[in-house]
Amino acid sequence: MILVVGGTGRVGSQVVQQLRRQGRPVRALCRSESKAKPLREAGVEIALGDLADRRAIETACRGVGTIISTMTSLNPRTLRDRYHPEVIEEQGHRNLLDVARQAGVNQVIYLSAIGVEHPQAPRQFRVKRLVEKVVKSSGLPYTILRPSGFMENLLPVLPAIQRFRVAPLPGTGTAPITYIAVEDIARVAVQAVGHPEAQGAMIEYGGPEDLSNRQCVQIAAKVLGTSAWIAPIPLTLFHLIGGIARPVSPGLREFFAILRFVDRYGLCAPHHPPFSNEPWTPLTFEEFVRRHIR
Ligand SMILES: NC(=O)c1ccc[n+]([C@@H]2O[C@H](COP(=O)([O-])OP(=O)(O)OC[C@H]3O[C@@H](n4cnc5c(N)ncnc54)[C@H](OP(=O)(O)O)[C@@H]3O)[C@@H](O)[C@H]2O)c1
C-alpha cells in the first residue's frame with residue numbers, strides 16, 4: 001500500500017492518478033470528505049485527518065510500505081491563525097515519520113524544492129529544508145525530490161495573452177527557471193517507489209529548458225497565434241499588498257516572497273534524467289501550452 005499525503009493537491013493528485021493507472025493500491029490522507037470524494041471514486045482508500053492528528057496518521061499508515069508526501073501548508077488564502085508552517089510541516093512530518101517507523105514503512109518520498117539551501121531562501125523554502133532534515137534523520141529509508149518551478153504557475157497568464165494580448169509578470173521576468181509540468185514531477189515520484197537509485201537520494205530535476213518568464217510569454221503568444229505585450233508588475237507593489245494583507249493573510253506575503261526570490265535568483269535544475277534506467281522526455285513549455293489551449 002502506498003500512502004500519499006497531499007493527494008488532493010496539484011502534484012499529489014497526479015501522483016495518485018498515475019499510481020492508480022499502474023494498478024497500485026493507494027491510500028490518501030485527506031483533510032475533508034468533500035475533497036476526498038473524487039479520489040474515493042477513483043479507487044483510492046481514504047484516511048480522514050491531517051498531520052497534526054496522530055490517530056489519523058496511525059490509521060493512514062496501517063499496512064503501508066511507501067509514503068509519498070507532497071503536502072504544503074502554503075496557501076495564499078491561509079488565515080493568520082492557521083499559518084504556522086514550522087509547526088504544521090516540520091512537526092507534522094515528525095508525527096508522520098514517528099508513526100511510519102513503528103508501522104514498518106520501508107520508504108519515505110518527500111517532495112521539497114530546488115533552492116531550499118539558498119542563503120536568501122524565503123521562509124517557505126527554509127521550512128522545506130527543515131522537513132528534509134527531519135526526513136533524513138528519521139532512520140527510515142528516504143528519497144528527497146527537489147523539482148524546479150511548475151509550468152502550471154504560468155497558466156493564469158494565458159487567458160490575458162489570448163484576450164488582451166497582455167502578459168502581466170511579477171518583477172523583471174528575466175531569471176531562468178527550468179520549468180517542469182506537474183505530471184512530470186509526479187512521474188518521478190512514482191518512479192522513485194522502490195527504485196534502487198532512489199534509496200537515500202536527493203534528486204534535483206526540472207523540465208527540458210531553462211526559460212525566463214519573458215521567454216515563456218513569447219512561446220505562449222506564438223502558440224496562441226498572437227503577440228503579447230509584457231506588463232511588468234513591480235515587486236515592491238506585491239511587497240506592499242502582502243504587508244497590508246498580512247493581518248488577515250500572512251500566506252499571501254510568503255507567497256509573494258517566493259515570487260521575489262525566484263525573480264531575483266531563478267530556479268535552475270539539472271537536465272539529466274532523474275533515474276538512469278527510466279525514459280525521460282519531459283514536456284516542453286510549448287507542448288504544455290498546446291495541451292492547455294486544446
Ligand atoms: N509551485 C512551484 O513552482 C513549486 C516548485 C517546487 C516545489 N513545489 C512544492 O511542491 C509541493 C506540492 O505542491 P502542490 O502545488 O501540489 O501543493 P498544493 O496543491 O497546495 O497541495 C498541498 C496539499 O497538502 C495538503 N495539506 C495541507 N496542509 C495539510 C496538513 N496539515 N495535513 C495534511 N495535508 C495537508 C493539502 O490538502 P487540502 O487539499 O485539504 O488543502 C493538499 O492536498 C509543495 O511542497 C510545493 O511547495 C512547488
# chains A, B, ... in the order shown; residues from 1 in each chain; ligands from 1
$ closest_atom_pairs --of "chain A" --to "ligand 1" --cutoff "6 Å" --atoms "only C-alpha atoms and all ligand atoms" --output "tab-separated table"
residue	atom	partner	partner_atom_place_in_ligand_line	distance
A:Val5	CA	ligand 1	34 (N)	5.7
A:Gly6	CA	ligand 1	43 (O)	3.3
A:Gly7	CA	ligand 1	43 (O)	4.9
A:Thr8	CA	ligand 1	43 (O)	3.8
A:Gly9	CA	ligand 1	21 (O)	3.3
A:Arg10	CA	ligand 1	16 (O)	3.6
A:Val11	CA	ligand 1	16 (O)	3.8
A:Gly12	CA	ligand 1	16 (O)	5.6
A:Arg31	CA	ligand 1	40 (O)	4.6
A:Asp50	CA	ligand 1	32 (N)	3.6
A:Leu51	CA	ligand 1	32 (N)	4.2
A:Thr70	CA	ligand 1	12 (C)	4.7
A:Met71	CA	ligand 1	24 (O)	3.3
A:Thr72	CA	ligand 1	45 (O)	4.3
A:Ser73	CA	ligand 1	28 (N)	4.4
A:Ile88	CA	ligand 1	31 (N)	5.5
A:Leu111	CA	ligand 1	11 (C)	5.8
A:Ser112	CA	ligand 1	45 (O)	5.6
A:Ala113	CA	ligand 1	7 (C)	4.0
A:Pro147	CA	ligand 1	6 (C)	5.0
A:Ser148	CA	ligand 1	6 (C)	4.8
A:Gly149	CA	ligand 1	3 (O)	3.5
A:Phe150	CA	ligand 1	3 (O)	3.9
$ write_last_selection --atoms "N, CA, C and O atoms" --output "short mmCIF file (atom, residue, chain, number, x, y, z; two decimals), in the first residue's frame"
data_model
loop_
_atom_site.label_atom_id
_atom_site.label_comp_id
_atom_site.auth_asym_id
_atom_site.auth_seq_id
_atom_site.Cartn_x
_atom_site.Cartn_y
_atom_site.Cartn_z
N VAL A 5 0.36 11.73 1.04
CA VAL A 5 -0.05 12.86 1.88
C VAL A 5 0.00 14.09 0.99
O VAL A 5 1.06 14.42 0.46
N GLY A 6 -1.15 14.73 0.81
CA GLY A 6 -1.23 15.85 -0.15
C GLY A 6 -1.92 15.42 -1.43
O GLY A 6 -1.82 16.10 -2.46
N GLY A 7 -2.62 14.29 -1.36
CA GLY A 7 -3.25 13.69 -2.55
C GLY A 7 -4.34 14.54 -3.19
O GLY A 7 -4.74 14.26 -4.32
N THR A 8 -4.82 15.57 -2.48
CA THR A 8 -5.82 16.45 -3.09
C THR A 8 -5.17 17.66 -3.76
O THR A 8 -5.86 18.48 -4.37
N GLY A 9 -3.86 17.77 -3.66
CA GLY A 9 -3.16 18.93 -4.23
C GLY A 9 -2.77 18.71 -5.68
O GLY A 9 -3.10 17.68 -6.28
N ARG A 10 -2.05 19.69 -6.24
CA ARG A 10 -1.69 19.62 -7.68
C ARG A 10 -0.80 18.43 -8.00
O ARG A 10 -1.12 17.61 -8.85
N VAL A 11 0.32 18.31 -7.28
CA VAL A 11 1.22 17.18 -7.56
C VAL A 11 0.65 15.88 -7.01
O VAL A 11 0.62 14.86 -7.70
N GLY A 12 0.13 15.95 -5.78
CA GLY A 12 -0.38 14.74 -5.12
C GLY A 12 -1.48 14.06 -5.92
O GLY A 12 -1.51 12.84 -6.03
N ARG A 31 -7.92 15.94 4.26
CA ARG A 31 -8.44 16.76 5.36
C ARG A 31 -9.95 16.94 5.32
O ARG A 31 -10.54 17.34 6.29
N ASP A 50 -5.40 15.09 9.40
CA ASP A 50 -4.22 15.81 8.93
C ASP A 50 -2.99 15.43 9.73
O ASP A 50 -3.06 14.55 10.60
N LEU A 51 -1.87 16.09 9.44
CA LEU A 51 -0.61 15.68 10.05
C LEU A 51 -0.49 16.08 11.52
O LEU A 51 0.49 15.76 12.17
N THR A 70 3.57 15.15 -0.56
CA THR A 70 3.68 16.35 -1.41
C THR A 70 3.00 17.51 -0.69
O THR A 70 2.67 18.51 -1.30
N MET A 71 2.77 17.35 0.62
CA MET A 71 1.95 18.36 1.31
C MET A 71 2.71 19.68 1.47
O MET A 71 3.92 19.72 1.58
N THR A 72 1.96 20.74 1.44
CA THR A 72 2.48 22.05 1.81
C THR A 72 1.36 22.80 2.51
O THR A 72 0.19 22.60 2.19
N SER A 73 1.73 23.65 3.46
CA SER A 73 0.68 24.40 4.16
C SER A 73 0.54 25.80 3.57
O SER A 73 -0.30 26.57 4.01
N ILE A 88 3.15 23.18 11.33
CA ILE A 88 2.31 22.29 10.52
C ILE A 88 3.17 21.32 9.70
O ILE A 88 2.90 20.13 9.64
N LEU A 111 8.54 15.49 -1.22
CA LEU A 111 8.68 16.48 -2.30
C LEU A 111 9.06 17.83 -1.71
O LEU A 111 8.26 18.48 -1.04
N SER A 112 10.29 18.23 -1.96
CA SER A 112 10.80 19.51 -1.49
C SER A 112 10.85 20.46 -2.69
O SER A 112 9.93 20.45 -3.51
N ALA A 113 11.89 21.25 -2.82
CA ALA A 113 12.00 22.16 -3.97
C ALA A 113 13.46 22.54 -4.20
O ALA A 113 14.25 22.58 -3.25
N PRO A 147 12.03 19.36 -7.21
CA PRO A 147 11.72 19.85 -8.55
C PRO A 147 11.91 21.37 -8.63
O PRO A 147 11.94 22.06 -7.61
N SER A 148 12.01 21.86 -9.86
CA SER A 148 12.08 23.33 -10.05
C SER A 148 10.65 23.86 -10.23
O SER A 148 9.68 23.20 -9.86
N GLY A 149 10.50 25.04 -10.81
CA GLY A 149 9.19 25.71 -10.87
C GLY A 149 8.17 24.99 -11.76
O GLY A 149 8.52 24.43 -12.81
N PHE A 150 6.91 25.03 -11.34
CA PHE A 150 5.84 24.36 -12.09
C PHE A 150 5.41 25.20 -13.29
O PHE A 150 5.13 26.39 -13.14
#
$ select_by_dssp --residues "stretch 204-285 of chain A" --states "strand (DSSP E or B)" --output "PyMOL selection string"
chain A and resi 204-205+211+229-233+267
$ atom_distance --atom1 "atom CA of A:Gln218" --atom2 "atom CA of A:Leu154"
12.4 Å
$ closest_atom_pairs --of "stretch 89-179 of chain A" --to "stretch 244-255 of chain A" --cutoff "12 Å" --atoms "only C-alpha atoms" --output "Markdown table"
| residue | atom | partner | partner_atom | distance |
| --- | --- | --- | --- | --- |
| A:Ala121 | CA | A:Glu254 | CA | 11.1 |
| A:Pro122 | CA | A:Glu254 | CA | 7.4 |
| A:Arg123 | CA | A:Glu254 | CA | 6.9 |
| A:Gln124 | CA | A:Glu254 | CA | 6.9 |
| A:Phe125 | CA | A:Glu254 | CA | 9.9 |
| A:Arg126 | CA | A:Glu254 | CA | 11.5 |
| A:Val127 | CA | A:Glu254 | CA | 11.6 |
| A:Asn153 | CA | A:Phe255 | CA | 12.0 |
| A:Pro170 | CA | A:Phe255 | CA | 12.0 |
$ write_last_selection --atoms "C-alpha atoms" --output "compact mmCIF listing (two decimals), in the first residue's frame"
# COMPACT_ATOMS: atom_id res chain seq x y z
CA ALA A 121 15.68 31.33 0.57
CA PRO A 122 12.24 32.56 1.64
CA ARG A 123 10.52 31.20 4.78
CA GLN A 124 8.52 28.52 2.99
CA PHE A 125 11.71 27.14 1.40
CA ARG A 126 13.52 27.21 4.75
CA VAL A 127 10.67 25.17 6.19
CA ASN A 153 2.26 28.62 -12.30
CA PRO A 170 5.86 39.85 -11.46
$ atom_distance --atom1 "atom CA of A:Ile233" --atom2 "atom CA of A:Thr174"
12.9 Å
$ select_by_dssp --residues "stretch 29-116 of chain A" --states "helix (DSSP H, G or I)" --output "PyMOL selection string"
chain A and resi 33-41+54-61+80-82+85-103
$ residues_around --residues "A:Ile109" --least-positions-apart "4" --cutoff "8 Å" --atoms "only C-alpha atoms" --output "JSON, numbers by chain"
{"A": [66, 67, 68, 69, 142, 143, 144, 145, 189, 192, 193]}
$ write_last_selection --atoms "N, CA, C and O atoms" --output "compact mmCIF listing (two decimals), in the first residue's frame"
# COMPACT_ATOMS: atom_id res chain seq x y z
N THR A 66 5.19 2.36 1.42
CA THR A 66 5.83 3.61 0.98
C THR A 66 4.93 4.80 1.29
O THR A 66 3.71 4.71 1.10
N ILE A 67 5.54 5.89 1.74
CA ILE A 67 4.79 7.14 1.93
C ILE A 67 5.34 8.16 0.94
O ILE A 67 6.56 8.32 0.80
N ILE A 68 4.45 8.83 0.23
CA ILE A 68 4.86 9.95 -0.62
C ILE A 68 4.19 11.20 -0.05
O ILE A 68 2.96 11.26 0.04
N SER A 69 4.99 12.18 0.37
CA SER A 69 4.39 13.42 0.88
C SER A 69 4.66 14.58 -0.06
O SER A 69 5.81 14.93 -0.32
N TYR A 142 14.87 6.89 2.80
CA TYR A 142 14.18 8.08 2.29
C TYR A 142 14.63 8.45 0.88
O TYR A 142 15.70 8.02 0.40
N THR A 143 13.79 9.25 0.23
CA THR A 143 14.13 9.87 -1.05
C THR A 143 13.62 11.31 -0.97
O THR A 143 12.46 11.53 -0.64
N ILE A 144 14.50 12.26 -1.27
CA ILE A 144 14.07 13.66 -1.29
C ILE A 144 14.06 14.12 -2.74
O ILE A 144 15.06 13.97 -3.46
N LEU A 145 12.93 14.65 -3.17
CA LEU A 145 12.80 15.13 -4.55
C LEU A 145 12.76 16.65 -4.51
O LEU A 145 12.01 17.24 -3.73
N ALA A 189 8.15 11.00 -8.84
CA ALA A 189 7.78 10.50 -7.50
C ALA A 189 7.33 9.04 -7.61
O ALA A 189 7.67 8.20 -6.78
N ALA A 192 10.17 6.72 -8.27
CA ALA A 192 11.06 6.58 -7.10
C ALA A 192 10.63 5.45 -6.17
O ALA A 192 11.45 4.95 -5.38
N VAL A 193 9.38 5.03 -6.28
CA VAL A 193 8.88 3.98 -5.35
C VAL A 193 9.67 2.69 -5.58
O VAL A 193 9.63 2.10 -6.65
$ residues_around --residues "stretch 16-18 of chain A" --least-positions-apart "2" --cutoff "8 Å" --atoms "only C-alpha atoms" --output "number ranges by chain"
A: 4, 7, 12-14, 20-22, 26, 42, 44, 186-187, 190
$ write_last_selection --atoms "N, CA, C and O atoms" --output "tab-separated table (two decimals), in the first residue's frame"
chain	number	residue	atom	x	y	z
A	4	VAL	N	-0.33	8.49	0.16
A	4	VAL	CA	0.01	9.80	-0.38
A	4	VAL	C	-0.54	10.87	0.58
A	4	VAL	O	-1.73	10.88	0.89
A	7	GLY	N	-2.62	14.29	-1.36
A	7	GLY	CA	-3.25	13.69	-2.55
A	7	GLY	C	-4.34	14.54	-3.19
A	7	GLY	O	-4.74	14.26	-4.32
A	12	GLY	N	0.13	15.95	-5.78
A	12	GLY	CA	-0.38	14.74	-5.12
A	12	GLY	C	-1.48	14.06	-5.92
A	12	GLY	O	-1.51	12.84	-6.03
A	13	SER	N	-2.38	14.85	-6.51
A	13	SER	CA	-3.49	14.22	-7.25
A	13	SER	C	-2.95	13.54	-8.51
A	13	SER	O	-3.45	12.50	-8.91
A	14	GLN	N	-1.90	14.10	-9.10
A	14	GLN	CA	-1.27	13.45	-10.27
A	14	GLN	C	-0.56	12.16	-9.84
A	14	GLN	O	-0.62	11.15	-10.55
A	20	ARG	N	-2.65	4.81	-9.60
A	20	ARG	CA	-3.87	4.04	-9.86
A	20	ARG	C	-3.85	3.45	-11.27
A	20	ARG	O	-4.27	2.33	-11.49
A	21	ARG	N	-3.34	4.25	-12.23
A	21	ARG	CA	-3.25	3.74	-13.62
A	21	ARG	C	-2.35	2.50	-13.69
A	21	ARG	O	-2.55	1.64	-14.52
A	22	GLN	N	-1.36	2.46	-12.81
A	22	GLN	CA	-0.48	1.27	-12.77
A	22	GLN	C	-1.10	0.14	-11.95
A	22	GLN	O	-0.46	-0.88	-11.73
A	26	VAL	N	-3.56	2.46	-3.39
A	26	VAL	CA	-3.20	3.79	-2.89
A	26	VAL	C	-4.15	4.21	-1.79
A	26	VAL	O	-5.36	3.99	-1.88
A	42	ALA	N	-12.08	7.20	-7.61
A	42	ALA	CA	-11.03	6.65	-8.48
A	42	ALA	C	-10.39	5.40	-7.86
A	42	ALA	O	-9.37	4.91	-8.35
A	44	VAL	N	-9.30	5.08	-4.62
A	44	VAL	CA	-8.29	5.36	-3.60
A	44	VAL	C	-8.92	5.19	-2.23
A	44	VAL	O	-10.03	5.65	-2.00
A	186	ALA	N	5.25	14.48	-10.87
A	186	ALA	CA	4.61	13.31	-10.26
A	186	ALA	C	5.23	12.01	-10.79
A	186	ALA	O	5.42	11.05	-10.04
A	187	ARG	N	5.56	11.99	-12.09
A	187	ARG	CA	6.11	10.77	-12.70
A	187	ARG	C	7.37	10.32	-11.96
A	187	ARG	O	7.59	9.14	-11.70
A	190	VAL	N	6.57	8.72	-8.67
A	190	VAL	CA	6.08	7.36	-8.86
A	190	VAL	C	7.24	6.42	-9.21
A	190	VAL	O	7.33	5.30	-8.68
$ closest_residue --among "A:Arg146, A:His239, A:Arg94, A:Arg291" --to "A:Tyr110" --atoms "only C-alpha atoms"
A:Arg146
$ residues_around --residues "stretch 270-284 of chain A" --least-positions-apart "6" --cutoff "12 Å" --atoms "only C-alpha atoms" --output "PyMOL selection string"
chain A and resi 114+143-148+150-152+177-193+195-199+201-211+216+219-220+290-291
$ write_last_selection --atoms "N, CA and C atoms" --output "tab-separated table (two decimals), in the first residue's frame"
chain	number	residue	atom	x	y	z
A	114	ILE	N	13.78	22.85	-5.45
A	114	ILE	CA	15.10	23.42	-5.77
A	114	ILE	C	15.20	24.75	-5.02
A	143	THR	N	13.79	9.25	0.23
A	143	THR	CA	14.13	9.87	-1.05
A	143	THR	C	13.62	11.31	-0.97
A	144	ILE	N	14.50	12.26	-1.27
A	144	ILE	CA	14.07	13.66	-1.29
A	144	ILE	C	14.06	14.12	-2.74
A	145	LEU	N	12.93	14.65	-3.17
A	145	LEU	CA	12.80	15.13	-4.55
A	145	LEU	C	12.76	16.65	-4.51
A	146	ARG	N	13.60	17.27	-5.36
A	146	ARG	CA	13.60	18.74	-5.43
A	146	ARG	C	13.30	19.18	-6.86
A	147	PRO	N	12.03	19.36	-7.21
A	147	PRO	CA	11.72	19.85	-8.55
A	147	PRO	C	11.91	21.37	-8.63
A	148	SER	N	12.01	21.86	-9.86
A	148	SER	CA	12.08	23.33	-10.05
A	148	SER	C	10.65	23.86	-10.23
A	150	PHE	N	6.91	25.03	-11.34
A	150	PHE	CA	5.84	24.36	-12.09
A	150	PHE	C	5.41	25.20	-13.29
A	151	MET	N	5.28	24.57	-14.46
A	151	MET	CA	4.74	25.26	-15.64
A	151	MET	C	3.34	25.80	-15.32
A	152	GLU	N	2.60	25.05	-14.51
A	152	GLU	CA	1.22	25.43	-14.17
A	152	GLU	C	1.15	26.82	-13.51
A	177	ILE	N	14.36	29.70	-15.32
A	177	ILE	CA	13.69	28.68	-14.49
A	177	ILE	C	13.58	27.41	-15.35
A	178	THR	N	13.94	26.28	-14.78
A	178	THR	CA	13.84	25.02	-15.54
A	178	THR	C	12.41	24.50	-15.39
A	179	TYR	N	11.47	25.24	-15.98
A	179	TYR	CA	10.05	24.91	-15.79
A	179	TYR	C	9.74	23.46	-16.12
A	180	ILE	N	8.90	22.85	-15.27
A	180	ILE	CA	8.52	21.45	-15.45
A	180	ILE	C	7.01	21.31	-15.20
A	181	ALA	N	6.37	20.43	-15.96
A	181	ALA	CA	4.93	20.21	-15.79
A	181	ALA	C	4.69	19.32	-14.57
A	182	VAL	N	3.57	19.56	-13.90
A	182	VAL	CA	3.24	18.80	-12.68
A	182	VAL	C	3.19	17.30	-12.96
A	183	GLU	N	2.70	16.91	-14.15
A	183	GLU	CA	2.62	15.46	-14.42
A	183	GLU	C	4.02	14.84	-14.47
A	184	ASP	N	5.03	15.61	-14.93
A	184	ASP	CA	6.40	15.08	-14.95
A	184	ASP	C	6.99	15.03	-13.54
A	185	ILE	N	6.62	16.02	-12.72
A	185	ILE	CA	7.09	15.99	-11.32
A	185	ILE	C	6.55	14.72	-10.66
A	186	ALA	N	5.25	14.48	-10.87
A	186	ALA	CA	4.61	13.31	-10.26
A	186	ALA	C	5.23	12.01	-10.79
A	187	ARG	N	5.56	11.99	-12.09
A	187	ARG	CA	6.11	10.77	-12.70
A	187	ARG	C	7.37	10.32	-11.96
A	188	VAL	N	8.21	11.30	-11.60
A	188	VAL	CA	9.46	10.96	-10.90
A	188	VAL	C	9.16	10.42	-9.51
A	189	ALA	N	8.15	11.00	-8.84
A	189	ALA	CA	7.78	10.50	-7.50
A	189	ALA	C	7.33	9.04	-7.61
A	190	VAL	N	6.57	8.72	-8.67
A	190	VAL	CA	6.08	7.36	-8.86
A	190	VAL	C	7.24	6.42	-9.21
A	191	GLN	N	8.14	6.90	-10.08
A	191	GLN	CA	9.30	6.06	-10.44
A	191	GLN	C	10.19	5.78	-9.22
A	192	ALA	N	10.17	6.72	-8.27
A	192	ALA	CA	11.06	6.58	-7.10
A	192	ALA	C	10.63	5.45	-6.17
A	193	VAL	N	9.38	5.03	-6.28
A	193	VAL	CA	8.88	3.98	-5.35
A	193	VAL	C	9.67	2.69	-5.58
A	195	HIS	N	12.70	2.23	-6.16
A	195	HIS	CA	13.80	2.29	-7.13
A	195	HIS	C	15.15	2.27	-6.39
A	196	PRO	N	16.07	1.37	-6.79
A	196	PRO	CA	17.34	1.29	-6.04
A	196	PRO	C	18.11	2.62	-6.04
A	197	GLU	N	18.03	3.40	-7.15
A	197	GLU	CA	18.77	4.67	-7.19
A	197	GLU	C	18.13	5.74	-6.29
A	198	ALA	N	16.90	5.46	-5.84
A	198	ALA	CA	16.20	6.46	-5.02
A	198	ALA	C	16.54	6.34	-3.54
A	199	GLN	N	17.16	5.22	-3.17
A	199	GLN	CA	17.42	4.98	-1.74
A	199	GLN	C	18.46	5.97	-1.21
A	201	ALA	N	18.57	9.07	-1.62
A	201	ALA	CA	18.97	10.04	-2.65
A	201	ALA	C	18.24	11.37	-2.50
A	202	MET	N	18.90	12.41	-2.96
A	202	MET	CA	18.29	13.73	-3.05
A	202	MET	C	18.35	14.10	-4.55
A	203	ILE	N	17.20	14.14	-5.18
A	203	ILE	CA	17.17	14.26	-6.64
A	203	ILE	C	16.64	15.63	-7.05
A	204	GLU	N	17.48	16.41	-7.74
A	204	GLU	CA	17.05	17.72	-8.24
A	204	GLU	C	16.70	17.54	-9.72
A	205	TYR	N	15.56	18.06	-10.12
A	205	TYR	CA	15.16	17.86	-11.52
A	205	TYR	C	14.21	18.96	-11.98
A	206	GLY	N	14.16	19.08	-13.32
A	206	GLY	CA	13.29	20.08	-13.92
A	206	GLY	C	12.91	19.63	-15.32
A	207	GLY	N	12.33	20.55	-16.08
A	207	GLY	CA	11.93	20.23	-17.44
A	207	GLY	C	13.10	20.29	-18.41
A	208	PRO	N	12.81	20.35	-19.71
A	208	PRO	CA	13.90	20.25	-20.69
A	208	PRO	C	14.63	21.57	-20.99
A	209	GLU	N	14.05	22.72	-20.54
A	209	GLU	CA	14.66	24.01	-20.93
A	209	GLU	C	14.74	24.96	-19.74
A	210	ASP	N	15.76	25.82	-19.78
A	210	ASP	CA	15.81	26.94	-18.83
A	210	ASP	C	15.18	28.12	-19.54
A	211	LEU	N	14.06	28.61	-19.01
A	211	LEU	CA	13.34	29.70	-19.68
A	211	LEU	C	13.02	30.81	-18.70
A	216	CYS	N	8.82	32.53	-21.85
A	216	CYS	CA	7.59	31.72	-21.80
A	216	CYS	C	6.44	32.48	-22.44
A	219	ILE	N	6.73	32.30	-26.18
A	219	ILE	CA	6.35	30.96	-26.67
A	219	ILE	C	4.83	30.81	-26.64
A	220	ALA	N	4.21	31.25	-25.54
A	220	ALA	CA	2.75	31.12	-25.42
A	220	ALA	C	2.05	31.94	-26.50
A	290	ARG	N	0.23	24.09	-25.74
A	290	ARG	CA	-0.67	23.47	-26.74
A	290	ARG	C	-1.72	22.61	-26.05
A	291	ARG	N	-1.27	21.77	-25.10
A	291	ARG	CA	-2.21	20.89	-24.38
A	291	ARG	C	-3.27	21.70	-23.68
$ closest_residue --among "A:Glu90, A:Glu41, A:Asp263, A:Glu287" --to "A:Lys133" --atoms "only C-alpha atoms"
A:Glu90
$ closest_residue --among "A:Val289, A:Leu130, A:Cys268, A:Met1" --to "A:Gly63" --atoms "only C-alpha atoms"
A:Met1
$ residues_around --residues "A:Ala221" --least-positions-apart "4" --cutoff "12 Å" --atoms "only C-alpha atoms" --output "MDAnalysis selection string"
chainID A and resid 157:167 214:217 225:230 285:286 289:290 293
$ write_last_selection --atoms "N, CA and C atoms" --output "mmCIF file, in the first residue's frame"
data_model
loop_
_atom_site.group_PDB
_atom_site.id
_atom_site.type_symbol
_atom_site.label_atom_id
_atom_site.label_comp_id
_atom_site.auth_asym_id
_atom_site.auth_seq_id
_atom_site.Cartn_x
_atom_site.Cartn_y
_atom_site.Cartn_z
ATOM 1 N N VAL A 157 -1.612 33.404 -16.878
ATOM 2 C CA VAL A 157 -1.205 34.428 -17.858
ATOM 3 C C VAL A 157 -1.795 34.136 -19.247
ATOM 4 N N LEU A 158 -2.107 32.860 -19.527
ATOM 5 C CA LEU A 158 -2.555 32.500 -20.880
ATOM 6 C C LEU A 158 -3.834 33.233 -21.315
ATOM 7 N N PRO A 159 -4.895 33.270 -20.476
ATOM 8 C CA PRO A 159 -6.106 33.979 -20.919
ATOM 9 C C PRO A 159 -5.853 35.461 -21.179
ATOM 10 N N ALA A 160 -4.955 36.068 -20.394
ATOM 11 C CA ALA A 160 -4.667 37.502 -20.586
ATOM 12 C C ALA A 160 -3.990 37.730 -21.944
ATOM 13 N N ILE A 161 -3.120 36.795 -22.325
ATOM 14 C CA ILE A 161 -2.462 36.916 -23.632
ATOM 15 C C ILE A 161 -3.512 36.729 -24.731
ATOM 16 N N GLN A 162 -4.337 35.684 -24.549
ATOM 17 C CA GLN A 162 -5.317 35.333 -25.578
ATOM 18 C C GLN A 162 -6.344 36.456 -25.790
ATOM 19 N N ARG A 163 -6.852 37.015 -24.668
ATOM 20 C CA ARG A 163 -7.934 38.009 -24.802
ATOM 21 C C ARG A 163 -7.429 39.417 -25.000
ATOM 22 N N PHE A 164 -6.347 39.769 -24.277
ATOM 23 C CA PHE A 164 -5.952 41.195 -24.274
ATOM 24 C C PHE A 164 -4.555 41.447 -24.855
ATOM 25 N N ARG A 165 -3.880 40.367 -25.248
ATOM 26 C CA ARG A 165 -2.503 40.478 -25.747
ATOM 27 C C ARG A 165 -1.574 41.147 -24.734
ATOM 28 N N VAL A 166 -1.872 40.909 -23.470
ATOM 29 C CA VAL A 166 -1.048 41.468 -22.398
ATOM 30 C C VAL A 166 -0.635 40.326 -21.481
ATOM 31 N N ALA A 167 0.624 40.376 -21.028
ATOM 32 C CA ALA A 167 1.077 39.361 -20.081
ATOM 33 C C ALA A 167 1.619 40.059 -18.837
ATOM 34 N N ARG A 214 9.702 35.876 -19.461
ATOM 35 C CA ARG A 214 9.529 36.630 -20.721
ATOM 36 C C ARG A 214 9.581 35.673 -21.917
ATOM 37 N N GLN A 215 10.524 34.735 -21.882
ATOM 38 C CA GLN A 215 10.602 33.763 -22.990
ATOM 39 C C GLN A 215 9.332 32.895 -23.036
ATOM 40 N N CYS A 216 8.823 32.529 -21.846
ATOM 41 C CA CYS A 216 7.590 31.718 -21.804
ATOM 42 C C CYS A 216 6.440 32.484 -22.442
ATOM 43 N N VAL A 217 6.359 33.782 -22.183
ATOM 44 C CA VAL A 217 5.277 34.594 -22.768
ATOM 45 C C VAL A 217 5.395 34.587 -24.297
ATOM 46 N N GLY A 225 -0.998 32.149 -31.512
ATOM 47 C CA GLY A 225 -1.111 32.868 -32.799
ATOM 48 C C GLY A 225 -1.353 34.354 -32.615
ATOM 49 N N THR A 226 -0.720 34.918 -31.600
ATOM 50 C CA THR A 226 -0.903 36.339 -31.342
ATOM 51 C C THR A 226 0.423 36.957 -30.887
ATOM 52 N N SER A 227 0.357 38.185 -30.462
ATOM 53 C CA SER A 227 1.545 38.814 -29.882
ATOM 54 C C SER A 227 1.191 39.173 -28.442
ATOM 55 N N ALA A 228 2.203 39.450 -27.647
ATOM 56 C CA ALA A 228 1.907 39.781 -26.249
ATOM 57 C C ALA A 228 2.789 40.927 -25.788
ATOM 58 N N TRP A 229 2.142 41.885 -25.145
ATOM 59 C CA TRP A 229 2.883 42.993 -24.540
ATOM 60 C C TRP A 229 3.127 42.632 -23.086
ATOM 61 N N ILE A 230 4.377 42.638 -22.669
ATOM 62 C CA ILE A 230 4.686 42.250 -21.286
ATOM 63 C C ILE A 230 4.502 43.449 -20.358
ATOM 64 N N PHE A 285 7.773 23.613 -22.754
ATOM 65 C CA PHE A 285 6.750 24.610 -22.412
ATOM 66 C C PHE A 285 5.783 24.795 -23.581
ATOM 67 N N GLU A 286 6.313 24.695 -24.793
ATOM 68 C CA GLU A 286 5.443 24.850 -25.971
ATOM 69 C C GLU A 286 4.375 23.746 -26.011
ATOM 70 N N VAL A 289 1.702 24.398 -23.361
ATOM 71 C CA VAL A 289 0.702 25.426 -23.734
ATOM 72 C C VAL A 289 -0.280 24.824 -24.736
ATOM 73 N N ARG A 290 0.228 24.094 -25.739
ATOM 74 C CA ARG A 290 -0.670 23.466 -26.736
ATOM 75 C C ARG A 290 -1.716 22.609 -26.049
ATOM 76 N N ILE A 293 -4.378 24.783 -24.263
ATOM 77 C CA ILE A 293 -5.369 25.524 -25.050
ATOM 78 C C ILE A 293 -6.316 24.549 -25.751
#
$ atom_distance --atom1 "atom CA of A:Gly43" --atom2 "atom CA of A:Cys61"
17.6 Å
$ residues_around --residues "A:Gln91" --least-positions-apart "6" --cutoff "10 Å" --atoms "only C-alpha atoms" --output "mmCIF file with C-alpha atoms, in the first residue's frame"
data_model
loop_
_atom_site.group_PDB
_atom_site.id
_atom_site.type_symbol
_atom_site.label_atom_id
_atom_site.label_comp_id
_atom_site.auth_asym_id
_atom_site.auth_seq_id
_atom_site.Cartn_x
_atom_site.Cartn_y
_atom_site.Cartn_z
ATOM 1 C CA LEU A 51 -0.613 15.684 10.050
ATOM 2 C CA ALA A 52 -1.481 17.120 13.464
ATOM 3 C CA PRO A 85 4.477 26.193 8.502
ATOM 4 C CA LEU A 97 7.601 9.604 10.417
ATOM 5 C CA LEU A 130 13.804 21.711 7.966
ATOM 6 C CA VAL A 131 11.460 18.941 6.814
ATOM 7 C CA VAL A 134 13.521 15.558 9.708
#
